[in-house]
Amino acid sequence: MATATCLVACLCGPPPLCAQAATLFPNVVLQGDVMMKARDGVGLATDIYRPANGAAPTAQRLPVLLHRTPYDKAAPATVSIAQQLARNGYVVVLQDMRGRHHSQGEFSKYDAQDAYDGYDAVEWVAQLPYANGRVGMYGTSYAAHTQADTSKLHPPHLSTVVLNMGGMANAWDHSVRNDGAFELGRQLSWAWEQIIEDSKDPVVRARLQQERLVDWYTALPLRKGLSPLSSAPNYENYYLDEATHADDDAYWQSISMNWENYYAQTSDVPMLHIGGWYDIYLRGTIENWRELSRRKKSPERLLIGPWTHHGDDQSYAGEVDFGPSAAIADFDVGFHLRWFDQYLKGVRTAVATQAPVRFFVMGTGDGHKDAHGRLAHGGYWRDAAQWPPADTRQQMLYLHSDGTLSDVPPVPSEAPATTFSFDPQHPVPTIGGGVSRRLHDGAYDQRERPDMPGSRQPYLPLSARADVLVFQTELLDHDMTVMGPVQIHLFGASNCTDTDFTAKLIDVYPPSADFPGGFAMNLTDGIRRARYRDRRKQGELIEPGRIYAFDINPYDTANVFKKGHRLRLDISSSNFPRFDVNPNTGEPLGLNRRAVVAANTIYHSAQYPSALSVWVAPRATSRPASP
């Protein structure tokens, strides 16, 4: 058990600590489809797994682990995890969310009612005659959102939560919308797939199964009643509301859309916030940890790996591998037991001495092509007391007219600006990143390809496009380690009343025998919609030709840019279908009928010095030795 992977990545201590974690029970007894009544009388289908020594469950009163999900409590993987947790001395309760699978009521994504259902579920399971009154919650993605929503109402018996890749700080600025843009690809594909899974009408399922979602990208924006989504009005309504509700107003302040407004009243219990560098919820994961750490007395811990959404037990993301230590092989069971044994049973595990922040620094690999055809990027785990780590310092890298990126500001003699055409009918395609598996998330060589929507023949590198401005450093003469927030301070203008500016941070590998064309590995990306410049909440169109400051805030990252590599910043105006495409017309978003080509200008002069801000570790900082 005391392997390098376990010690570094799994929050697991030496064997004596882990061996104390639980008394094993050989059997598990299931009580299925118990209908828990929510406060409004709606029945929520609940399965209860109890540990047993024989045919009858143990009479011992035990802590409860609660998992609430929209993805079917009877799914084989979900059941297997519940059974294994129960054998380790827990009552494990799985519950279908309202309106899903065996539960009554109507489901609506991010419905505020879910917070109250979660509260009721915690208090209900705590009162079961075989429960000891201590309740922990666990789950990934939506099953993490349900934990966050429940904790905002502070149920008395909630004792700890493990939020894996979920729990939005503010759905308007990340996860649903993103600094004004709409997370189109993820929201549309999720609705599409859930209708197929959820519908009991074979005609409805057949309609969506015979259509190709990627074909409907050409018909955007979707209009009410005129797309396959209309087969399921509850899904169509939520999608269209999010796509057209562009301003940050009361709609985005509901308890299920926003944690920022509810931090003060959130349960003060131990929380583990887990994210991935290529996860769709990373911004919220870090912000929730930061704010709750500041406000609460209970331990708040942050863990970030080089993962995509649901990728905790994988060593790779996309077509890049980070080495065996990047994966948490026992994430589903052993990893959770170490946390819950510590905070529900009082059994000391290595969690007791866990640093406030544990994160994976990508990089240090030699870049060969492994047996699976992936780039060997490598990396290592590091602990810190804060984020970004205390030994990092902010560094500005300025954009120059010749396409270079350096710590020297522009001089008056340089060309002051670069103008490019942004055609909404031919947007820059999304090639990996923090999207979802439906859009090929993770790290990829930044080149168009037939399996990624929006790509066109002859499938050239994105850097070859006229609407992608490339700024990169000279070949690095030493390793450069970046850890922390990434921000782009851009000065720009447009000949239209609204447009977008996008940015992407890239680690550029030199050509090699395995990758003769090199490898441009995406790390993080972001967008700024012009009408929401200055982080304004209400849209205000821009004046054509006027120069504005646009701050773009990609998700944080941690990466070693090795000697001989380049650090590259790509600037453009689209990243589709991750984000919806701005029609440049100034029409209400999600309701436009027209689209026009914009002439967008980026300034990189002494007067308007556009720059990239990163947090850099000192050269002397060395990575921890392997255990």
# chains A, B, ... in the order shown; residues from 1 in each chain; ligands from 1
call {"tool": "residues_around", "arguments": {"residues": "stretch 116-119 of chain A", "least_positions_apart": "3", "cutoff": "6 Å", "atoms": "only C-alpha atoms", "output": "list of chain:residue names"}}
result
A:Ala38, A:Gln113, A:Val122, A:Thr150, A:Pro155
call {"tool": "residues_around", "arguments": {"residues": "stretch 245-256 of chain A", "least_positions_apart": "3", "cutoff": "9 Å", "atoms": "only C-alpha atoms", "output": "number ranges by chain"}}
result
A: 110-115, 145-146, 148-149, 152, 167-168, 170-173, 177, 180-182, 240-242, 259-262, 532, 536-539, 588-590
call {"tool": "closest_residue", "arguments": {"among": "A:Leu476, A:Met165, A:Val214, A:Ala264", "to": "A:Leu302", "atoms": "only C-alpha atoms"}}
result
A:Met165
call {"tool": "residues_around", "arguments": {"residues": "A:Arg358", "least_positions_apart": "6", "cutoff": "8 Å", "atoms": "only C-alpha atoms", "output": "list of chain:residue names"}}
result
A:Leu302, A:Leu303, A:Ile304, A:Trp381, A:Arg382, A:Asp383, A:Ala384
call {"tool": "closest_residue", "arguments": {"among": "A:Met97, A:Ile552, A:Ala493, A:Ile431", "to": "A:Arg447", "atoms": "only C-alpha atoms"}}
result
A:Ile431
call {"tool": "residues_around", "arguments": {"residues": "A:Ser401", "least_positions_apart": "6", "cutoff": "12 Å", "atoms": "only C-alpha atoms", "output": "number ranges by chain"}}
result
A: 409-419, 469-472, 602-606, 609-610
call {"tool": "write_last_selection", "arguments": {"atoms": "all heavy atoms", "output": "short mmCIF file (atom, residue, chain, number, x, y, z; two decimals), in the first residue's frame"}}
result
data_model
loop_
_atom_site.label_atom_id
_atom_site.label_comp_id
_atom_site.auth_asym_id
_atom_site.auth_seq_id
_atom_site.Cartn_x
_atom_site.Cartn_y
_atom_site.Cartn_z
N PRO A 409 9.03 45.69 -21.61
CA PRO A 409 7.86 46.39 -22.16
C PRO A 409 8.12 46.90 -23.57
O PRO A 409 9.27 47.09 -23.98
CB PRO A 409 7.66 47.56 -21.18
CG PRO A 409 8.38 47.16 -19.94
CD PRO A 409 9.54 46.34 -20.39
N PRO A 410 7.06 47.12 -24.34
CA PRO A 410 7.22 47.67 -25.70
C PRO A 410 7.85 49.05 -25.67
O PRO A 410 7.74 49.78 -24.68
CB PRO A 410 5.78 47.73 -26.22
CG PRO A 410 4.99 46.80 -25.36
CD PRO A 410 5.64 46.84 -24.02
N VAL A 411 8.49 49.42 -26.76
CA VAL A 411 9.10 50.74 -26.89
C VAL A 411 8.35 51.52 -27.96
O VAL A 411 7.67 50.94 -28.81
CB VAL A 411 10.59 50.62 -27.27
CG1 VAL A 411 11.36 49.93 -26.15
CG2 VAL A 411 10.77 49.88 -28.58
N PRO A 412 8.43 52.85 -27.95
CA PRO A 412 7.64 53.67 -28.89
C PRO A 412 7.89 53.36 -30.36
O PRO A 412 7.02 53.60 -31.20
CB PRO A 412 8.07 55.09 -28.54
CG PRO A 412 8.48 55.02 -27.10
CD PRO A 412 9.13 53.68 -26.95
N SER A 413 9.05 52.83 -30.70
CA SER A 413 9.36 52.60 -32.10
C SER A 413 8.66 51.37 -32.69
O SER A 413 8.67 51.16 -33.90
CB SER A 413 10.88 52.43 -32.27
OG SER A 413 11.35 51.34 -31.50
N GLU A 414 8.07 50.54 -31.83
CA GLU A 414 7.40 49.34 -32.32
C GLU A 414 6.07 49.68 -32.99
O GLU A 414 5.43 50.68 -32.67
CB GLU A 414 7.12 48.36 -31.16
CG GLU A 414 8.36 47.73 -30.56
CD GLU A 414 7.98 46.63 -29.57
OE1 GLU A 414 7.10 45.81 -29.89
OE2 GLU A 414 8.56 46.60 -28.48
N ALA A 415 5.65 48.80 -33.91
CA ALA A 415 4.30 48.93 -34.47
C ALA A 415 3.30 48.82 -33.33
O ALA A 415 3.39 47.92 -32.51
CB ALA A 415 4.07 47.85 -35.51
N PRO A 416 2.33 49.73 -33.28
CA PRO A 416 1.49 49.81 -32.08
C PRO A 416 0.38 48.79 -32.00
O PRO A 416 -0.15 48.56 -30.92
CB PRO A 416 0.89 51.22 -32.20
CG PRO A 416 0.85 51.48 -33.67
CD PRO A 416 2.06 50.81 -34.23
N ALA A 417 -0.02 48.13 -33.11
CA ALA A 417 -1.21 47.29 -33.06
C ALA A 417 -1.21 46.26 -34.17
O ALA A 417 -0.49 46.38 -35.17
CB ALA A 417 -2.46 48.17 -33.17
N THR A 418 -2.03 45.22 -33.97
CA THR A 418 -2.27 44.21 -34.99
C THR A 418 -3.77 44.01 -35.13
O THR A 418 -4.47 43.85 -34.13
CB THR A 418 -1.62 42.86 -34.60
OG1 THR A 418 -0.22 43.05 -34.41
CG2 THR A 418 -1.85 41.82 -35.68
N THR A 419 -4.26 44.02 -36.36
CA THR A 419 -5.69 43.86 -36.63
C THR A 419 -5.93 42.55 -37.36
O THR A 419 -5.16 42.17 -38.25
CB THR A 419 -6.22 45.04 -37.46
OG1 THR A 419 -6.03 46.26 -36.74
CG2 THR A 419 -7.70 44.88 -37.76
N LEU A 469 -3.60 35.30 -33.24
CA LEU A 469 -2.34 36.04 -33.06
C LEU A 469 -1.47 35.29 -32.07
O LEU A 469 -1.89 35.01 -30.94
CB LEU A 469 -2.63 37.45 -32.55
CG LEU A 469 -3.64 38.30 -33.35
CD1 LEU A 469 -3.67 39.72 -32.80
CD2 LEU A 469 -3.30 38.30 -34.83
N VAL A 470 -0.27 34.94 -32.49
CA VAL A 470 0.64 34.14 -31.68
C VAL A 470 1.74 35.02 -31.12
O VAL A 470 2.43 35.73 -31.86
CB VAL A 470 1.24 33.00 -32.52
CG1 VAL A 470 2.30 32.25 -31.72
CG2 VAL A 470 0.15 32.05 -33.00
N PHE A 471 1.91 34.95 -29.80
CA PHE A 471 3.00 35.66 -29.10
C PHE A 471 3.74 34.61 -28.27
O PHE A 471 3.12 33.92 -27.45
CB PHE A 471 2.45 36.77 -28.22
CG PHE A 471 1.67 37.82 -28.97
CD1 PHE A 471 0.31 37.68 -29.16
CD2 PHE A 471 2.31 38.92 -29.50
CE1 PHE A 471 -0.42 38.63 -29.86
CE2 PHE A 471 1.60 39.89 -30.21
CZ PHE A 471 0.23 39.74 -30.40
N GLN A 472 5.05 34.49 -28.45
CA GLN A 472 5.79 33.46 -27.74
C GLN A 472 7.18 33.94 -27.36
O GLN A 472 7.75 34.83 -27.98
CB GLN A 472 5.87 32.18 -28.57
CG GLN A 472 6.50 32.33 -29.93
CD GLN A 472 6.43 31.05 -30.75
OE1 GLN A 472 6.04 30.00 -30.26
NE2 GLN A 472 6.79 31.13 -32.02
N ILE A 602 -5.60 44.39 -31.60
CA ILE A 602 -4.88 44.22 -30.34
C ILE A 602 -3.73 45.23 -30.31
O ILE A 602 -2.95 45.31 -31.27
CB ILE A 602 -4.31 42.79 -30.21
CG1 ILE A 602 -5.43 41.77 -30.26
CG2 ILE A 602 -3.50 42.65 -28.92
CD1 ILE A 602 -6.47 41.94 -29.18
N TYR A 603 -3.63 45.97 -29.22
CA TYR A 603 -2.57 46.98 -29.07
C TYR A 603 -1.44 46.40 -28.23
O TYR A 603 -1.66 45.73 -27.21
CB TYR A 603 -3.15 48.25 -28.45
CG TYR A 603 -4.07 48.98 -29.40
CD1 TYR A 603 -5.41 48.60 -29.52
CD2 TYR A 603 -3.61 50.00 -30.21
CE1 TYR A 603 -6.26 49.23 -30.42
CE2 TYR A 603 -4.45 50.64 -31.12
CZ TYR A 603 -5.77 50.25 -31.22
OH TYR A 603 -6.59 50.88 -32.12
N HIS A 604 -0.23 46.69 -28.65
CA HIS A 604 0.97 46.22 -27.96
C HIS A 604 2.03 47.32 -28.08
O HIS A 604 3.11 47.11 -28.64
CB HIS A 604 1.47 44.90 -28.55
CG HIS A 604 1.27 44.76 -30.03
ND1 HIS A 604 1.94 45.54 -30.95
CD2 HIS A 604 0.44 43.96 -30.73
CE1 HIS A 604 1.55 45.20 -32.17
NE2 HIS A 604 0.64 44.25 -32.08
N SER A 605 1.70 48.47 -27.57
CA SER A 605 2.56 49.65 -27.69
C SER A 605 3.01 50.12 -26.32
O SER A 605 2.55 49.62 -25.29
CB SER A 605 1.78 50.78 -28.38
OG SER A 605 0.68 51.19 -27.57
N ALA A 606 3.90 51.11 -26.31
CA ALA A 606 4.35 51.68 -25.04
C ALA A 606 3.19 52.33 -24.30
O ALA A 606 3.12 52.29 -23.06
CB ALA A 606 5.46 52.69 -25.30
N PRO A 609 0.33 48.76 -23.33
CA PRO A 609 1.16 47.55 -23.26
C PRO A 609 0.36 46.31 -22.84
O PRO A 609 0.26 45.99 -21.65
CB PRO A 609 2.20 47.92 -22.21
CG PRO A 609 1.48 48.87 -21.30
CD PRO A 609 0.49 49.62 -22.15
N SER A 610 -0.20 45.60 -23.79
CA SER A 610 -0.89 44.35 -23.47
C SER A 610 0.12 43.36 -22.90
O SER A 610 1.27 43.29 -23.35
CB SER A 610 -1.54 43.77 -24.73
OG SER A 610 -2.57 44.62 -25.21
#
call {"tool": "residues_around", "arguments": {"residues": "A:Trp190", "least_positions_apart": "2", "cutoff": "12 Å", "atoms": "only C-alpha atoms", "output": "JSON, numbers by chain"}}
result
{"A": [71, 109, 142, 176, 183, 184, 185, 186, 187, 188, 192, 193, 194, 195, 196, 197, 198, 213, 229, 235, 236, 238, 239, 435, 436, 437, 438, 439]}
call {"tool": "closest_residue", "arguments": {"among": "A:Asp500, A:Asp321, A:Asp47, A:Glu300", "to": "A:Leu163", "atoms": "only C-alpha atoms"}}
result
A:Glu300
call {"tool": "select_by_dssp", "arguments": {"residues": "stretch 232-458 of chain A", "states": "strand (DSSP E or B)", "output": "PyMOL selection string"}}
result
chain A and resi 258+271-278+300-308+316-318+320-321+357-362+369+375-376+379-384+393-399+404-406+417-422+429+433+442-443+445+447
call {"tool": "residues_around", "arguments": {"residues": "stretch 130-138 of chain A", "least_positions_apart": "2", "cutoff": "8 Å", "atoms": "only C-alpha atoms", "output": "MDAnalysis selection string"}}
result
chainID A and resid 59:67 91 122 125:128 140 143:144 147 157:164 340 344
call {"tool": "write_last_selection", "arguments": {"atoms": "N, CA and C atoms", "output": "PDB file, in the first residue's frame"}}
result
ATOM      1  N   ALA A  59     -26.019  -4.587  14.187  1.00  0.00           N
ATOM      2  CA  ALA A  59     -26.822  -3.752  15.082  1.00  0.00           C
ATOM      3  C   ALA A  59     -26.056  -2.515  15.526  1.00  0.00           C
ATOM      4  N   GLN A  60     -24.787  -2.431  15.165  1.00  0.00           N
ATOM      5  CA  GLN A  60     -23.956  -1.290  15.558  1.00  0.00           C
ATOM      6  C   GLN A  60     -24.440  -0.011  14.877  1.00  0.00           C
ATOM      7  N   ARG A  61     -24.530   1.071  15.638  1.00  0.00           N
ATOM      8  CA  ARG A  61     -24.908   2.361  15.066  1.00  0.00           C
ATOM      9  C   ARG A  61     -23.668   2.972  14.408  1.00  0.00           C
ATOM     10  N   LEU A  62     -23.813   3.346  13.150  1.00  0.00           N
ATOM     11  CA  LEU A  62     -22.658   3.728  12.350  1.00  0.00           C
ATOM     12  C   LEU A  62     -22.872   5.093  11.701  1.00  0.00           C
ATOM     13  N   PRO A  63     -21.774   5.750  11.306  1.00  0.00           N
ATOM     14  CA  PRO A  63     -21.910   6.987  10.522  1.00  0.00           C
ATOM     15  C   PRO A  63     -22.476   6.685   9.144  1.00  0.00           C
ATOM     16  N   VAL A  64     -23.083   7.705   8.529  1.00  0.00           N
ATOM     17  CA  VAL A  64     -23.743   7.552   7.241  1.00  0.00           C
ATOM     18  C   VAL A  64     -22.978   8.321   6.171  1.00  0.00           C
ATOM     19  N   LEU A  65     -22.833   7.708   4.993  1.00  0.00           N
ATOM     20  CA  LEU A  65     -22.303   8.378   3.815  1.00  0.00           C
ATOM     21  C   LEU A  65     -23.451   8.531   2.822  1.00  0.00           C
ATOM     22  N   LEU A  66     -23.749   9.761   2.454  1.00  0.00           N
ATOM     23  CA  LEU A  66     -24.887  10.085   1.593  1.00  0.00           C
ATOM     24  C   LEU A  66     -24.400  10.533   0.225  1.00  0.00           C
ATOM     25  N   HIS A  67     -24.963   9.926  -0.808  1.00  0.00           N
ATOM     26  CA  HIS A  67     -24.630  10.263  -2.195  1.00  0.00           C
ATOM     27  C   HIS A  67     -25.933  10.538  -2.929  1.00  0.00           C
ATOM     28  N   VAL A  91     -22.961   3.109   6.944  1.00  0.00           N
ATOM     29  CA  VAL A  91     -24.248   3.015   6.281  1.00  0.00           C
ATOM     30  C   VAL A  91     -24.162   3.928   5.061  1.00  0.00           C
ATOM     31  N   VAL A 122     -30.203  14.726   4.628  1.00  0.00           N
ATOM     32  CA  VAL A 122     -29.208  14.624   5.701  1.00  0.00           C
ATOM     33  C   VAL A 122     -29.893  14.379   7.039  1.00  0.00           C
ATOM     34  N   VAL A 125     -31.531  10.740   7.160  1.00  0.00           N
ATOM     35  CA  VAL A 125     -30.626   9.603   7.365  1.00  0.00           C
ATOM     36  C   VAL A 125     -29.999   9.646   8.751  1.00  0.00           C
ATOM     37  N   ALA A 126     -29.804  10.843   9.294  1.00  0.00           N
ATOM     38  CA  ALA A 126     -29.214  10.951  10.639  1.00  0.00           C
ATOM     39  C   ALA A 126     -30.123  10.355  11.700  1.00  0.00           C
ATOM     40  N   GLN A 127     -31.425  10.320  11.431  1.00  0.00           N
ATOM     41  CA  GLN A 127     -32.388   9.808  12.410  1.00  0.00           C
ATOM     42  C   GLN A 127     -32.687   8.328  12.218  1.00  0.00           C
ATOM     43  N   LEU A 128     -32.102   7.687  11.243  1.00  0.00           N
ATOM     44  CA  LEU A 128     -32.322   6.253  11.076  1.00  0.00           C
ATOM     45  C   LEU A 128     -31.863   5.526  12.336  1.00  0.00           C
ATOM     46  N   THR A 140     -19.205  13.269  -7.336  1.00  0.00           N
ATOM     47  CA  THR A 140     -18.490  13.989  -8.382  1.00  0.00           C
ATOM     48  C   THR A 140     -19.462  14.770  -9.247  1.00  0.00           C
ATOM     49  N   ALA A 143     -23.179  15.425  -8.394  1.00  0.00           N
ATOM     50  CA  ALA A 143     -23.260  14.890  -7.037  1.00  0.00           C
ATOM     51  C   ALA A 143     -22.390  15.684  -6.070  1.00  0.00           C
ATOM     52  N   ALA A 144     -21.495  16.521  -6.584  1.00  0.00           N
ATOM     53  CA  ALA A 144     -20.786  17.475  -5.739  1.00  0.00           C
ATOM     54  C   ALA A 144     -21.589  18.758  -5.582  1.00  0.00           C
ATOM     55  N   GLN A 147     -23.960  18.409  -2.780  1.00  0.00           N
ATOM     56  CA  GLN A 147     -23.322  18.580  -1.475  1.00  0.00           C
ATOM     57  C   GLN A 147     -23.179  20.059  -1.133  1.00  0.00           C
ATOM     58  N   HIS A 157     -26.821  17.837  11.205  1.00  0.00           N
ATOM     59  CA  HIS A 157     -26.087  16.581  11.284  1.00  0.00           C
ATOM     60  C   HIS A 157     -25.073  16.392  10.157  1.00  0.00           C
ATOM     61  N   LEU A 158     -24.907  17.375   9.292  1.00  0.00           N
ATOM     62  CA  LEU A 158     -23.879  17.274   8.267  1.00  0.00           C
ATOM     63  C   LEU A 158     -22.519  17.462   8.925  1.00  0.00           C
ATOM     64  N   SER A 159     -21.632  16.478   8.750  1.00  0.00           N
ATOM     65  CA  SER A 159     -20.358  16.486   9.477  1.00  0.00           C
ATOM     66  C   SER A 159     -19.141  16.707   8.600  1.00  0.00           C
ATOM     67  N   THR A 160     -19.207  16.347   7.320  1.00  0.00           N
ATOM     68  CA  THR A 160     -18.081  16.559   6.413  1.00  0.00           C
ATOM     69  C   THR A 160     -18.537  16.294   4.985  1.00  0.00           C
ATOM     70  N   VAL A 161     -17.826  16.855   3.998  1.00  0.00           N
ATOM     71  CA  VAL A 161     -18.132  16.625   2.590  1.00  0.00           C
ATOM     72  C   VAL A 161     -16.834  16.479   1.798  1.00  0.00           C
ATOM     73  N   VAL A 162     -16.915  15.697   0.723  1.00  0.00           N
ATOM     74  CA  VAL A 162     -15.818  15.557  -0.236  1.00  0.00           C
ATOM     75  C   VAL A 162     -16.384  15.951  -1.590  1.00  0.00           C
ATOM     76  N   LEU A 163     -16.058  17.166  -2.022  1.00  0.00           N
ATOM     77  CA  LEU A 163     -16.619  17.731  -3.254  1.00  0.00           C
ATOM     78  C   LEU A 163     -15.636  17.507  -4.396  1.00  0.00           C
ATOM     79  N   ASN A 164     -15.934  16.541  -5.230  1.00  0.00           N
ATOM     80  CA  ASN A 164     -15.043  16.228  -6.337  1.00  0.00           C
ATOM     81  C   ASN A 164     -15.538  16.889  -7.616  1.00  0.00           C
ATOM     82  N   PHE A 340     -13.013  10.048   5.436  1.00  0.00           N
ATOM     83  CA  PHE A 340     -14.172   9.831   6.298  1.00  0.00           C
ATOM     84  C   PHE A 340     -13.798   9.136   7.608  1.00  0.00           C
ATOM     85  N   LEU A 344     -15.238  11.211  10.481  1.00  0.00           N
ATOM     86  CA  LEU A 344     -16.497  10.633  10.965  1.00  0.00           C
ATOM     87  C   LEU A 344     -16.276   9.586  12.049  1.00  0.00           C
TER      88      LEU A 344
END
call {"tool": "residues_around", "arguments": {"residues": "A:Gly564", "least_positions_apart": "3", "cutoff": "10 Å", "atoms": "only C-alpha atoms", "output": "list of chain:residue names"}}
result
A:Glu474, A:Leu475, A:Leu476, A:Asp477, A:His478, A:Asp479, A:Val508, A:Tyr509, A:Pro510, A:Phe561
call {"tool": "closest_residue", "arguments": {"among": "A:Ala56, A:Val581, A:Leu569, A:Ile488", "to": "A:Pro26", "atoms": "only C-alpha atoms"}}
result
A:Ala56
call {"tool": "atom_distance", "arguments": {"atom1": "atom CA of A:Ile280", "atom2": "atom CA of A:Gly318"}}
result
14.1 Å
call {"tool": "select_by_dssp", "arguments": {"residues": "stretch 68-306 of chain A", "states": "alpha helix (DSSP H)", "output": "count of residues only"}}
result
91
call {"tool": "closest_residue", "arguments": {"among": "A:Glu319, A:Asp498, A:Asp391, A:Asp179", "to": "A:Gln446", "atoms": "only C-alpha atoms"}}
result
A:Glu319
call {"tool": "closest_residue", "arguments": {"among": "A:Ser494, A:Gln425, A:Ser227, A:Ser406", "to": "A:Arg566", "atoms": "only C-alpha atoms"}}
result
A:Ser406
call {"tool": "atom_distance", "arguments": {"atom1": "atom CA of A:Asn553", "atom2": "atom CA of A:Gly139"}}
result
27.7 Å
call {"tool": "decode", "arguments": {"residues": "stretch 59-97 of chain A", "atoms": "C-alpha atoms", "output": "PDB file, in the first residue's frame"}}
result
ATOM      1  CA  ALA A  59     -26.822  -3.752  15.082  1.00  0.00           C
ATOM      2  CA  GLN A  60     -23.956  -1.290  15.558  1.00  0.00           C
ATOM      3  CA  ARG A  61     -24.908   2.361  15.066  1.00  0.00           C
ATOM      4  CA  LEU A  62     -22.658   3.728  12.350  1.00  0.00           C
ATOM      5  CA  PRO A  63     -21.910   6.987  10.522  1.00  0.00           C
ATOM      6  CA  VAL A  64     -23.743   7.552   7.241  1.00  0.00           C
ATOM      7  CA  LEU A  65     -22.303   8.378   3.815  1.00  0.00           C
ATOM      8  CA  LEU A  66     -24.887  10.085   1.593  1.00  0.00           C
ATOM      9  CA  HIS A  67     -24.630  10.263  -2.195  1.00  0.00           C
ATOM     10  CA  ARG A  68     -27.334  12.173  -4.077  1.00  0.00           C
ATOM     11  CA  THR A  69     -27.263  11.955  -7.863  1.00  0.00           C
ATOM     12  CA  PRO A  70     -29.220  12.656 -11.047  1.00  0.00           C
ATOM     13  CA  TYR A  71     -27.341   9.847 -12.813  1.00  0.00           C
ATOM     14  CA  ASP A  72     -29.183   6.782 -11.426  1.00  0.00           C
ATOM     15  CA  LYS A  73     -28.411   5.462  -7.981  1.00  0.00           C
ATOM     16  CA  ALA A  74     -28.559   1.934  -9.430  1.00  0.00           C
ATOM     17  CA  ALA A  75     -25.729   2.493 -11.917  1.00  0.00           C
ATOM     18  CA  PRO A  76     -23.284  -0.430 -11.534  1.00  0.00           C
ATOM     19  CA  ALA A  77     -20.231   1.698 -10.699  1.00  0.00           C
ATOM     20  CA  THR A  78     -22.197   3.732  -8.132  1.00  0.00           C
ATOM     21  CA  VAL A  79     -23.503   0.548  -6.486  1.00  0.00           C
ATOM     22  CA  SER A  80     -20.057  -1.053  -6.401  1.00  0.00           C
ATOM     23  CA  ILE A  81     -18.556   1.958  -4.600  1.00  0.00           C
ATOM     24  CA  ALA A  82     -21.446   1.997  -2.104  1.00  0.00           C
ATOM     25  CA  GLN A  83     -20.989  -1.680  -1.320  1.00  0.00           C
ATOM     26  CA  GLN A  84     -17.259  -1.308  -0.731  1.00  0.00           C
ATOM     27  CA  LEU A  85     -17.737   1.715   1.522  1.00  0.00           C
ATOM     28  CA  ALA A  86     -20.405  -0.153   3.494  1.00  0.00           C
ATOM     29  CA  ARG A  87     -18.085  -3.103   4.063  1.00  0.00           C
ATOM     30  CA  ASN A  88     -15.734  -0.664   5.754  1.00  0.00           C
ATOM     31  CA  GLY A  89     -18.240   0.170   8.460  1.00  0.00           C
ATOM     32  CA  TYR A  90     -20.567   2.811   7.023  1.00  0.00           C
ATOM     33  CA  VAL A  91     -24.248   3.015   6.281  1.00  0.00           C
ATOM     34  CA  VAL A  92     -24.245   4.174   2.663  1.00  0.00           C
ATOM     35  CA  VAL A  93     -27.315   5.927   1.275  1.00  0.00           C
ATOM     36  CA  LEU A  94     -27.836   6.534  -2.445  1.00  0.00           C
ATOM     37  CA  GLN A  95     -30.654   8.818  -3.550  1.00  0.00           C
ATOM     38  CA  ASP A  96     -32.066   9.730  -6.955  1.00  0.00           C
ATOM     39  CA  MET A  97     -32.575  13.470  -7.189  1.00  0.00           C
TER      40      MET A  97
END
